[in-house]
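As stored in model.csv (CSV, C-alpha atoms):
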chain,number,residue,atom,x,y,z
A,1,MET,CA,-2.4,41.1,42.1
A,2,LEU,CA,-3.3,37.5,41.4
A,3,LEU,CA,-3.2,34.9,44.2
A,4,ASP,CA,-2.5,31.2,43.5
A,5,SER,CA,-4.8,30.5,46.4
A,6,ALA,CA,-4.2,26.8,46.8
A,7,SER,CA,-0.5,27.3,46.7
A,8,LEU,CA,-0.8,29.9,49.5
A,9,TYR,CA,-3.2,28.1,51.7
A,10,PHE,CA,-1.1,25.0,51.5
A,11,ARG,CA,1.9,27.1,52.7
A,12,ALA,CA,-0.2,28.6,55.4
A,13,TYR,CA,-1.3,25.2,56.6
A,14,PHE,CA,2.2,23.9,56.9
A,15,GLY,CA,3.6,27.2,58.2
A,16,VAL,CA,1.1,27.9,61.0
A,17,PRO,CA,0.8,25.4,63.8
A,18,GLU,CA,-2.2,23.2,63.9
A,19,SER,CA,-2.7,24.3,67.4
A,20,VAL,CA,-4.4,27.4,66.0
A,21,ARG,CA,-8.0,26.3,66.3
A,22,ALA,CA,-11.6,27.6,66.4
A,23,PRO,CA,-13.5,27.7,69.7
A,24,ASP,CA,-14.8,24.2,69.0
A,25,GLY,CA,-11.3,22.8,68.5
A,26,THR,CA,-11.3,22.6,64.7
A,27,PRO,CA,-8.0,23.6,63.2
A,28,VAL,CA,-8.1,27.0,61.3
A,29,ASN,CA,-4.3,27.4,60.7
A,30,ALA,CA,-4.7,27.6,57.0
A,31,VAL,CA,-7.6,30.1,57.2
A,32,ARG,CA,-5.8,32.4,59.6
A,33,GLY,CA,-2.5,31.9,57.8
A,34,LEU,CA,-4.0,32.9,54.5
A,35,LEU,CA,-5.6,36.0,56.0
A,36,GLU,CA,-2.1,37.0,57.4
A,37,PHE,CA,-0.6,36.4,54.0
A,38,ILE,CA,-3.2,38.7,52.3
A,39,ASP,CA,-2.7,41.3,54.9
A,40,ARG,CA,1.0,41.4,54.4
A,41,LEU,CA,0.7,41.4,50.6
A,42,VAL,CA,-1.7,44.3,50.6
A,43,LYS,CA,0.4,46.3,53.1
A,44,ASP,CA,3.6,45.8,51.2
A,45,HIS,CA,2.4,46.0,47.6
A,46,HIS,CA,-0.8,48.1,47.6
A,47,PRO,CA,-2.6,46.4,44.7
A,48,ASP,CA,-5.5,48.2,43.1
A,49,ASP,CA,-7.1,44.9,42.2
A,50,LEU,CA,-6.9,41.5,43.9
A,51,VAL,CA,-8.1,38.2,42.7
A,52,ALA,CA,-8.0,34.9,44.6
A,53,CYS,CA,-7.7,32.4,41.8
A,54,MET,CA,-9.0,28.9,42.6
A,55,ASP,CA,-8.6,25.4,41.3
A,56,ALA,CA,-12.1,24.5,40.1
A,57,ASP,CA,-10.4,21.5,38.5
A,58,TRP,CA,-6.9,20.7,39.9
A,59,ARG,CA,-6.3,18.0,37.2
A,60,PRO,CA,-8.2,18.9,34.1
A,61,GLN,CA,-9.2,16.0,31.9
A,62,TRP,CA,-7.8,17.7,28.7
A,63,ARG,CA,-4.4,17.6,30.3
A,64,VAL,CA,-4.7,14.0,31.5
A,65,ASP,CA,-5.9,13.0,28.0
A,66,LEU,CA,-2.5,14.2,26.6
A,67,ILE,CA,-0.3,12.9,29.5
A,68,PRO,CA,-2.1,10.3,31.6
A,69,SER,CA,0.5,10.6,34.4
A,70,TYR,CA,-0.3,14.3,34.9
A,71,LYS,CA,-0.7,14.6,38.7
A,72,ALA,CA,-1.8,11.0,38.9
A,73,HIS,CA,0.2,10.3,42.0
A,74,ARG,CA,-1.8,13.0,43.9
A,75,VAL,CA,-5.2,11.4,43.2
A,76,ALA,CA,-6.9,10.3,46.4
A,77,GLU,CA,-10.1,9.1,44.8
A,78,VAL,CA,-11.2,8.7,41.2
A,79,THR,CA,-14.6,10.4,40.4
A,80,GLU,CA,-16.5,9.3,37.4
A,81,SER,CA,-18.8,12.3,37.1
A,82,GLY,CA,-16.4,15.1,37.9
A,83,PRO,CA,-12.8,16.0,38.9
A,84,ASP,CA,-10.8,13.4,40.8
A,85,THR,CA,-10.3,14.2,44.5
A,86,GLU,CA,-6.8,15.5,45.3
A,87,GLU,CA,-4.9,14.0,48.2
A,88,VAL,CA,-4.7,16.7,50.8
A,89,PRO,CA,-4.1,16.6,54.6
A,90,ASP,CA,-7.2,15.6,56.5
A,91,THR,CA,-7.4,18.8,58.5
A,92,LEU,CA,-6.8,21.1,55.5
A,93,SER,CA,-9.8,20.0,53.4
A,94,PRO,CA,-12.5,21.3,55.8
A,95,GLN,CA,-10.8,24.6,56.0
A,96,VAL,CA,-11.1,25.4,52.2
A,97,PRO,CA,-14.9,26.1,52.3
A,98,VAL,CA,-14.2,28.4,55.3
A,99,ILE,CA,-11.5,30.3,53.3
A,100,GLU,CA,-13.9,30.7,50.4
A,101,ALA,CA,-16.7,32.0,52.6
A,102,VAL,CA,-14.4,34.5,54.3
A,103,LEU,CA,-13.1,35.8,51.0
A,104,ASP,CA,-16.6,36.2,49.7
A,105,ALA,CA,-17.8,38.0,52.8
A,106,LEU,CA,-14.8,40.3,52.6
A,107,GLY,CA,-15.5,41.1,49.0
A,108,ILE,CA,-12.2,39.8,47.7
A,109,ALA,CA,-12.8,38.5,44.2
A,110,ARG,CA,-12.6,34.7,44.0
A,111,VAL,CA,-12.5,33.1,40.6
A,112,GLY,CA,-12.4,29.4,39.6
A,113,VAL,CA,-13.6,28.1,36.2
A,114,GLU,CA,-14.8,24.6,35.6
A,115,GLY,CA,-12.2,22.5,33.6
A,116,TYR,CA,-9.3,24.7,34.5
A,117,GLU,CA,-6.6,25.1,37.1
A,118,ALA,CA,-5.9,28.3,39.0
A,119,ASP,CA,-2.8,28.7,36.9
A,120,ASP,CA,-5.0,29.0,33.8
A,121,VAL,CA,-7.2,31.6,35.5
A,122,ILE,CA,-4.1,33.5,36.4
A,123,GLY,CA,-2.8,33.2,32.8
A,124,THR,CA,-6.0,34.6,31.4
A,125,PHE,CA,-6.3,37.5,33.8
A,126,THR,CA,-2.6,38.3,33.0
A,127,ALA,CA,-3.2,38.2,29.3
A,128,ARG,CA,-6.2,40.6,29.6
A,129,ALA,CA,-4.5,43.0,32.0
A,130,SER,CA,-3.8,46.6,30.8
A,131,GLY,CA,-1.3,47.3,33.5
A,132,PRO,CA,1.4,45.7,35.7
A,133,VAL,CA,0.6,42.3,37.3
A,134,ASP,CA,2.0,40.7,40.4
A,135,ILE,CA,1.4,36.9,40.6
A,136,VAL,CA,1.8,35.5,44.1
A,137,THR,CA,2.6,31.7,44.0
A,138,GLY,CA,4.9,29.1,45.2
A,139,ASP,CA,4.5,27.3,41.9
A,140,ARG,CA,7.4,27.8,39.5
A,141,ASP,CA,5.2,26.9,36.5
A,142,LEU,CA,3.9,30.4,36.5
A,143,TYR,CA,7.4,31.8,35.8
A,144,GLN,CA,6.4,31.4,32.1
A,145,LEU,CA,4.2,34.4,32.5
A,146,VAL,CA,7.0,36.8,33.6
A,147,ASP,CA,7.3,39.6,31.1
A,148,ASP,CA,9.3,42.7,31.8
A,149,ALA,CA,7.8,44.6,28.9
A,150,ARG,CA,4.3,44.2,30.3
A,151,GLY,CA,5.3,44.6,34.0
A,152,VAL,CA,4.4,41.0,34.8
A,153,ARG,CA,6.4,39.4,37.6
A,154,VAL,CA,6.0,36.5,40.1
A,155,LEU,CA,6.3,37.1,43.8
A,156,TYR,CA,7.6,33.7,45.0
A,157,PRO,CA,7.4,33.1,48.8
A,158,LEU,CA,10.7,32.1,50.3
A,159,LYS,CA,9.5,32.3,53.9
A,160,GLY,CA,5.9,33.1,54.5
A,161,VAL,CA,5.1,36.1,52.4
A,162,GLY,CA,7.3,38.4,54.3
A,163,THR,CA,10.3,37.3,52.3
A,164,LEU,CA,9.4,37.1,48.6
A,165,GLN,CA,11.6,36.6,45.6
A,166,LEU,CA,10.5,39.3,43.1
A,167,THR,CA,10.9,37.3,40.0
A,168,ASP,CA,11.5,39.2,36.8
A,169,GLU,CA,13.3,38.2,33.6
A,170,ALA,CA,16.7,39.1,35.1
A,171,VAL,CA,16.1,36.6,37.9
A,172,LEU,CA,15.0,33.9,35.5
A,173,ARG,CA,18.0,34.4,33.3
A,174,GLU,CA,20.4,34.2,36.3
A,175,LYS,CA,18.7,31.1,37.8
A,176,TYR,CA,17.6,29.2,34.7
A,177,GLY,CA,19.2,30.8,31.7
A,178,VAL,CA,15.9,31.6,30.1
A,179,ASP,CA,13.4,34.4,30.1
A,180,GLY,CA,9.6,34.1,30.8
A,181,SER,CA,8.7,32.9,27.4
A,182,GLY,CA,11.4,30.2,27.5
A,183,TYR,CA,10.5,28.8,30.8
A,184,ALA,CA,7.7,26.6,29.5
A,185,ASP,CA,10.2,25.0,27.1
A,186,LEU,CA,12.6,24.5,29.9
A,187,ALA,CA,9.9,22.9,32.1
A,188,THR,CA,8.9,20.6,29.2
A,189,LEU,CA,12.4,19.3,28.7
A,190,ARG,CA,13.2,19.0,32.4
A,191,GLY,CA,9.9,17.5,33.5
A,192,ASP,CA,8.4,17.9,36.9
A,193,PRO,CA,7.9,14.8,39.2
A,194,SER,CA,5.6,16.8,41.4
A,195,ASP,CA,3.2,17.2,38.4
A,196,GLY,CA,3.8,13.7,37.0
A,197,LEU,CA,5.6,15.2,33.9
A,198,PRO,CA,8.4,12.8,32.9
A,199,GLY,CA,10.5,15.2,30.8
A,200,VAL,CA,13.2,14.0,28.5
A,201,PRO,CA,15.3,11.3,30.2
A,202,GLY,CA,18.9,12.5,30.9
A,203,ILE,CA,18.0,16.2,30.3
A,204,GLY,CA,17.9,18.1,33.5
A,205,GLU,CA,17.5,21.8,34.1
A,206,LYS,CA,21.1,22.9,33.2
A,207,THR,CA,21.2,20.8,30.1
A,208,ALA,CA,17.8,22.1,29.0
A,209,ALA,CA,19.0,25.7,29.5
A,210,LYS,CA,22.1,25.0,27.4
A,211,LEU,CA,20.1,23.5,24.6
A,212,LEU,CA,17.7,26.4,24.6
A,213,ALA,CA,20.6,28.9,24.5
A,214,GLU,CA,22.1,27.0,21.6
A,215,PHE,CA,18.9,26.4,19.5
A,216,GLY,CA,16.5,29.1,20.6
A,217,ASP,CA,13.4,27.2,21.6
A,218,LEU,CA,11.9,23.7,21.8
A,219,ALA,CA,11.1,23.7,18.1
A,220,GLY,CA,14.7,24.7,17.3
A,221,ILE,CA,16.0,21.8,19.5
A,222,MET,CA,13.8,19.3,17.8
A,223,ALA,CA,14.8,20.6,14.3
A,224,ALA,CA,18.4,20.1,15.4
A,225,VAL,CA,17.8,16.4,16.1
A,226,ASP,CA,17.3,15.9,12.4
A,227,LYS,CA,20.5,17.8,11.4
A,228,PRO,CA,23.7,15.6,11.7
A,229,THR,CA,25.8,18.8,11.9
A,230,ALA,CA,23.9,20.2,14.9
A,231,ARG,CA,25.9,20.3,18.1
A,232,LEU,CA,24.1,17.6,20.1
A,233,THR,CA,25.8,14.6,21.8
A,234,PRO,CA,24.7,11.2,20.4
A,235,SER,CA,23.0,10.6,23.7
A,236,GLN,CA,21.0,13.8,23.6
A,237,ARG,CA,20.0,13.2,20.0
A,238,LYS,CA,18.8,9.7,20.8
A,239,ARG,CA,16.9,10.7,23.9
A,240,LEU,CA,15.2,13.7,22.2
A,241,HIS,CA,14.3,11.5,19.2
A,242,GLU,CA,12.8,8.8,21.4
A,243,SER,CA,10.9,11.5,23.3
A,244,ARG,CA,9.1,12.9,20.3
A,245,PRO,CA,5.6,11.5,21.4
A,246,TYR,CA,6.0,13.2,24.7
A,247,ILE,CA,7.3,16.5,23.2
A,248,ALA,CA,4.4,16.5,20.8
A,249,VAL,CA,1.9,16.9,23.6
A,250,ALA,CA,3.8,18.2,26.6
A,251,PRO,CA,3.9,21.9,25.6
A,252,THR,CA,0.1,22.0,25.6
A,253,VAL,CA,0.0,20.5,29.1
A,254,VAL,CA,2.8,22.7,30.5
A,255,LYS,CA,1.6,26.0,28.9
A,256,VAL,CA,-0.7,28.0,31.1
A,257,ALA,CA,-4.0,28.7,29.3
A,258,ASP,CA,-4.7,32.3,28.5
A,259,ASP,CA,-8.2,32.0,27.0
A,260,VAL,CA,-10.3,30.8,30.0
A,261,PRO,CA,-13.9,32.0,29.9
A,262,LEU,CA,-13.8,34.2,33.0
A,263,PRO,CA,-17.0,35.2,34.7
A,264,PRO,CA,-17.8,38.9,35.2
A,265,VAL,CA,-16.2,39.9,38.5
A,266,ASP,CA,-15.4,43.1,40.4
A,267,THR,CA,-11.6,42.7,41.0
A,268,ALA,CA,-11.2,46.0,42.9
A,269,LEU,CA,-9.5,45.7,46.3
A,270,PRO,CA,-12.4,46.1,48.8
A,271,HIS,CA,-12.1,48.8,51.5
A,272,ALA,CA,-15.0,47.5,53.5
A,273,PRO,CA,-16.6,44.0,53.8
A,274,ARG,CA,-19.2,43.1,51.2
A,275,ASP,CA,-21.2,41.2,53.8
A,276,PRO,CA,-20.4,42.5,57.4
A,277,ALA,CA,-23.0,40.3,59.1
A,278,ALA,CA,-21.7,37.1,57.4
A,279,LEU,CA,-18.2,38.1,58.2
A,280,ASP,CA,-19.0,38.6,61.9
A,281,THR,CA,-20.7,35.2,62.0
A,282,LEU,CA,-17.7,33.6,60.4
A,283,ALA,CA,-15.2,35.4,62.7
A,284,THR,CA,-17.1,34.2,65.8
A,285,ARG,CA,-17.7,30.6,64.6
A,286,TRP,CA,-14.1,30.1,63.5
A,287,GLY,CA,-12.2,32.3,66.0
A,288,LEU,CA,-10.5,34.4,63.3
A,289,GLY,CA,-9.6,37.1,65.8
A,290,GLY,CA,-6.6,39.2,65.2
A,291,SER,CA,-5.8,37.7,61.7
A,292,LEU,CA,-9.1,39.0,60.3
A,293,ASN,CA,-9.1,42.3,62.3
A,294,ARG,CA,-5.6,43.2,61.0
A,295,LEU,CA,-6.6,42.5,57.4
A,296,LEU,CA,-9.8,44.6,57.8
A,297,THR,CA,-7.7,47.5,59.2
A,298,THR,CA,-5.3,47.2,56.3
A,299,LEU,CA,-8.1,47.2,53.7
A,300,GLN,CA,-9.6,50.3,55.3
A,301,THR,CA,-6.4,52.4,55.0
File written out as structure tokens:
Amino acid sequence: MLLDSASLYFRAYFGVPESVRAPDGTPVNAVRGLLEFIDRLVKDHHPDDLVACMDADWRPQWRVDLIPSYKAHRVAEVTESGPDTEEVPDTLSPQVPVIEAVLDALGIARVGVEGYEADDVIGTFTARASGPVDIVTGDRDLYQLVDDARGVRVLYPLKGVGTLQLTDEAVLREKYGVDGSGYADLATLRGDPSDGLPGVPGIGEKTAAKLLAEFGDLAGIMAAVDKPTARLTPSQRKRLHESRPYIAVAPTVVKVADDVPLPPVDTALPHAPRDPAALDTLATRWGLGGSLNRLLTTLQT
């Protein structure tokens, strides 16, 4: 089981009231909410291995070099010597180091790699996996990894993590008209305002799905632009032709990397805390109470 950690703690932050606080009054709603999420996921799905995948770089320069608008609207502060600072709620940022410390004390593998997003870490673990993989994320970009033949599916939270959409290729075909391997092409054509990806003007999700059904993949669509007999409307042909510079680079930006240099890490689900003393200190300092105790009980069973 691979967790898109930022996606989940953002959901926890907005799903758990900010009135959930540490003894000193500091909000810990994201911390406790994420622990509740992990508890429910382990209870319901019994993974053998669990990795909390992190954004060591939420906006990698190699993606920005190709499409400068990539996540540009989410930059809070430009940093010359490292990754730009992402705009996040004031009371969430201080909770992230607490989340990391608690995961480390529990012994839950936590992996982020410099120059890559959590998606890329997830993509690489998925590529290397020898058995089924469940990816837990609220980010549809990871639908491109869904692969029935390899047992790779996305658990997409609809409400907390108690209600998950178990996304396999049948779900993708029903919702989007593509399978996992076609989803990146769909996303490239459609674009994604939340990531600063413009897409091809005038080609939304349904039109993109129809074009992919007709021509097979993005390369097939672009080959059709040069064929007068291909079944494209004049408007579609014109817009696709004018978007060639975008289409030349966008697939590299949209595609999840599968060759990230992962560090050696023990991914086995822990049954006892790695550092009980540190965990006790964190539990007292941040008032993690029942959220942590329930997860500990679940891990021990």
Find the residues near Pro97 (chain A): any atom within 12 Å, counting all atoms listed in the file, skip ones fewer than 4 places away on the same chain, and give them as a ChimeraX atom specification. /A:9,28,30-31,54,92-93,101-104,282,286
Given the choices A:Tyr246, A:Arg150, A:Glu214, A:Pro68, which gets closest to Arg231 (chain A) if the distance is worked out from all atoms listed in the file?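 So, comparing all the options, the nearest one is A:Glu214.
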Excluding same-chain residues fewer than 2 positions from Ala272 (chain A), what lies within 8 Å of it counting all atoms listed in the file, as number ranges by chain? A: 106-107, 270, 274, 296, 299-300
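Relative to CA of Val51 (chain A), CA of Val20 (chain A) is found at 25.9 Å.
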Restricting the calculation to all atoms listed in the file, which member of A:Gly162, A:Leu232, A:Ala184, A:Leu288 is positioned closest to His45 (chain A)?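 Selected residue with least distance to His45 (chain A): A:Gly162.
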In Å to one decimal, how far is CA of Ser291 (chain A) from CA of Lys159 (chain A)? 18.0 Å
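Between CA of Tyr70 (chain A) and CA of Pro234 (chain A) the separation is 29.1 Å.
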Shortest contact to Arg110 (chain A), candidates A:Val253, A:Leu50, A:Val98, A:Ala248, atoms counted all atoms listed in the file, goes to A:Leu50
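Restricting the calculation to only C-alpha atoms, the smallest distance between Val154 (chain A) and any of A:Leu240, A:Val96, A:Leu2, A:Leu35 is found for A:Leu2.
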From the list A:Ile38, A:His73, A:Phe10, A:Val111, which residue is nearest Pro193 (chain A) when using only C-alpha atoms? A:His73
Tell me which of A:Asp258, A:Glu174, A:Asp226, A:Asp275 sits closest to Arg244 (chain A), counting only C-alpha atoms.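 For Arg244 (chain A), the nearest of the candidates is A:Asp226.
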Answer as a VMD selection string, residues within 9 Å of (-14.7, 37.7, 36.4) using only C-alpha atoms: chain A and resid 109 to 111 125 261 to 267
Quick one: write out the picked residues with C-alpha atoms as a short mmCIF file (atom, residue, chain, number, x, y, z; two decimals), in the frame of the given file?
data_model
loop_
_atom_site.label_atom_id
_atom_site.label_comp_id
_atom_site.auth_asym_id
_atom_site.auth_seq_id
_atom_site.Cartn_x
_atom_site.Cartn_y
_atom_site.Cartn_z
CA ALA A 109 -12.80 38.50 44.20
CA ARG A 110 -12.60 34.70 44.00
CA VAL A 111 -12.50 33.10 40.60
CA PHE A 125 -6.30 37.50 33.80
CA PRO A 261 -13.90 32.00 29.90
CA LEU A 262 -13.80 34.20 33.00
CA PRO A 263 -17.00 35.20 34.70
CA PRO A 264 -17.80 38.90 35.20
CA VAL A 265 -16.20 39.90 38.50
CA ASP A 266 -15.40 43.10 40.40
CA THR A 267 -11.60 42.70 41.00
#
Quick one: residues within 9 Å of Leu166 (chain A), only C-alpha atoms, excluding same-chain residues fewer than 5 positions away - as a VMD selection string? chain A and resid 153 to 157 171
Could you add all heavy atoms to region 220-231 of chain A and give me the result as a compact mmCIF listing (two decimals), in the coordinates of the input?
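selection-v9.txt was written with the following content:
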# COMPACT_ATOMS: atom_id res chain seq x y z
N GLY A 220 13.33 24.62 17.82
CA GLY A 220 14.70 24.70 17.30
C GLY A 220 15.51 23.46 17.71
O GLY A 220 16.31 22.91 16.93
N ILE A 221 15.32 23.03 18.96
CA ILE A 221 16.00 21.80 19.50
C ILE A 221 15.60 20.60 18.67
O ILE A 221 16.43 19.79 18.24
CB ILE A 221 15.76 21.64 20.96
CG1 ILE A 221 16.39 22.78 21.77
CG2 ILE A 221 16.28 20.29 21.44
CD1 ILE A 221 15.98 22.81 23.23
N MET A 222 14.29 20.44 18.46
CA MET A 222 13.80 19.30 17.80
C MET A 222 14.20 19.28 16.30
O MET A 222 14.45 18.22 15.69
CB MET A 222 12.29 19.14 17.92
CG MET A 222 11.83 18.95 19.37
SD MET A 222 12.76 17.68 20.28
CE MET A 222 12.29 16.21 19.38
N ALA A 223 14.31 20.47 15.71
CA ALA A 223 14.80 20.60 14.30
C ALA A 223 16.25 20.13 14.26
O ALA A 223 16.69 19.49 13.30
CB ALA A 223 14.62 21.98 13.81
N ALA A 224 17.02 20.45 15.32
CA ALA A 224 18.40 20.10 15.40
C ALA A 224 18.65 18.58 15.44
O ALA A 224 19.67 18.06 14.97
CB ALA A 224 19.12 20.78 16.55
N VAL A 225 17.67 17.88 16.02
CA VAL A 225 17.80 16.40 16.10
C VAL A 225 17.93 15.79 14.74
O VAL A 225 18.62 14.77 14.57
CB VAL A 225 16.54 15.83 16.86
CG1 VAL A 225 16.54 14.31 16.82
CG2 VAL A 225 16.51 16.33 18.30
N ASP A 226 17.33 16.40 13.74
CA ASP A 226 17.30 15.90 12.40
C ASP A 226 18.52 16.38 11.55
O ASP A 226 18.65 16.03 10.37
CB ASP A 226 16.03 16.20 11.66
CG ASP A 226 14.83 15.54 12.33
OD1 ASP A 226 14.99 14.39 12.80
OD2 ASP A 226 13.76 16.18 12.39
N LYS A 227 19.35 17.23 12.16
CA LYS A 227 20.50 17.80 11.40
C LYS A 227 21.79 17.16 11.96
O LYS A 227 22.20 17.43 13.10
CB LYS A 227 20.56 19.31 11.61
CG LYS A 227 19.39 20.04 10.98
CD LYS A 227 19.50 21.54 11.24
CE LYS A 227 18.31 22.29 10.66
NZ LYS A 227 18.34 23.73 11.02
N PRO A 228 22.44 16.32 11.19
CA PRO A 228 23.70 15.60 11.70
C PRO A 228 24.75 16.60 12.13
O PRO A 228 25.58 16.24 12.97
CB PRO A 228 24.10 14.83 10.45
CG PRO A 228 22.86 14.66 9.62
CD PRO A 228 22.07 15.90 9.83
N THR A 229 24.74 17.82 11.59
CA THR A 229 25.80 18.80 11.90
C THR A 229 25.50 19.57 13.20
O THR A 229 26.37 20.28 13.70
CB THR A 229 26.02 19.77 10.77
OG1 THR A 229 24.78 20.42 10.48
CG2 THR A 229 26.51 19.04 9.52
N ALA A 230 24.27 19.45 13.70
CA ALA A 230 23.90 20.20 14.90
C ALA A 230 24.68 19.72 16.10
O ALA A 230 24.96 18.53 16.23
CB ALA A 230 22.40 20.11 15.15
N ARG A 231 25.02 20.65 16.99
CA ARG A 231 25.90 20.30 18.10
C ARG A 231 25.04 19.66 19.25
O ARG A 231 24.68 20.31 20.23
CB ARG A 231 26.59 21.55 18.63
CG ARG A 231 27.68 22.00 17.66
CD ARG A 231 28.59 23.03 18.27
NE ARG A 231 27.90 24.28 18.55
CZ ARG A 231 28.49 25.35 19.09
NH1 ARG A 231 29.76 25.29 19.45
NH2 ARG A 231 27.79 26.46 19.29
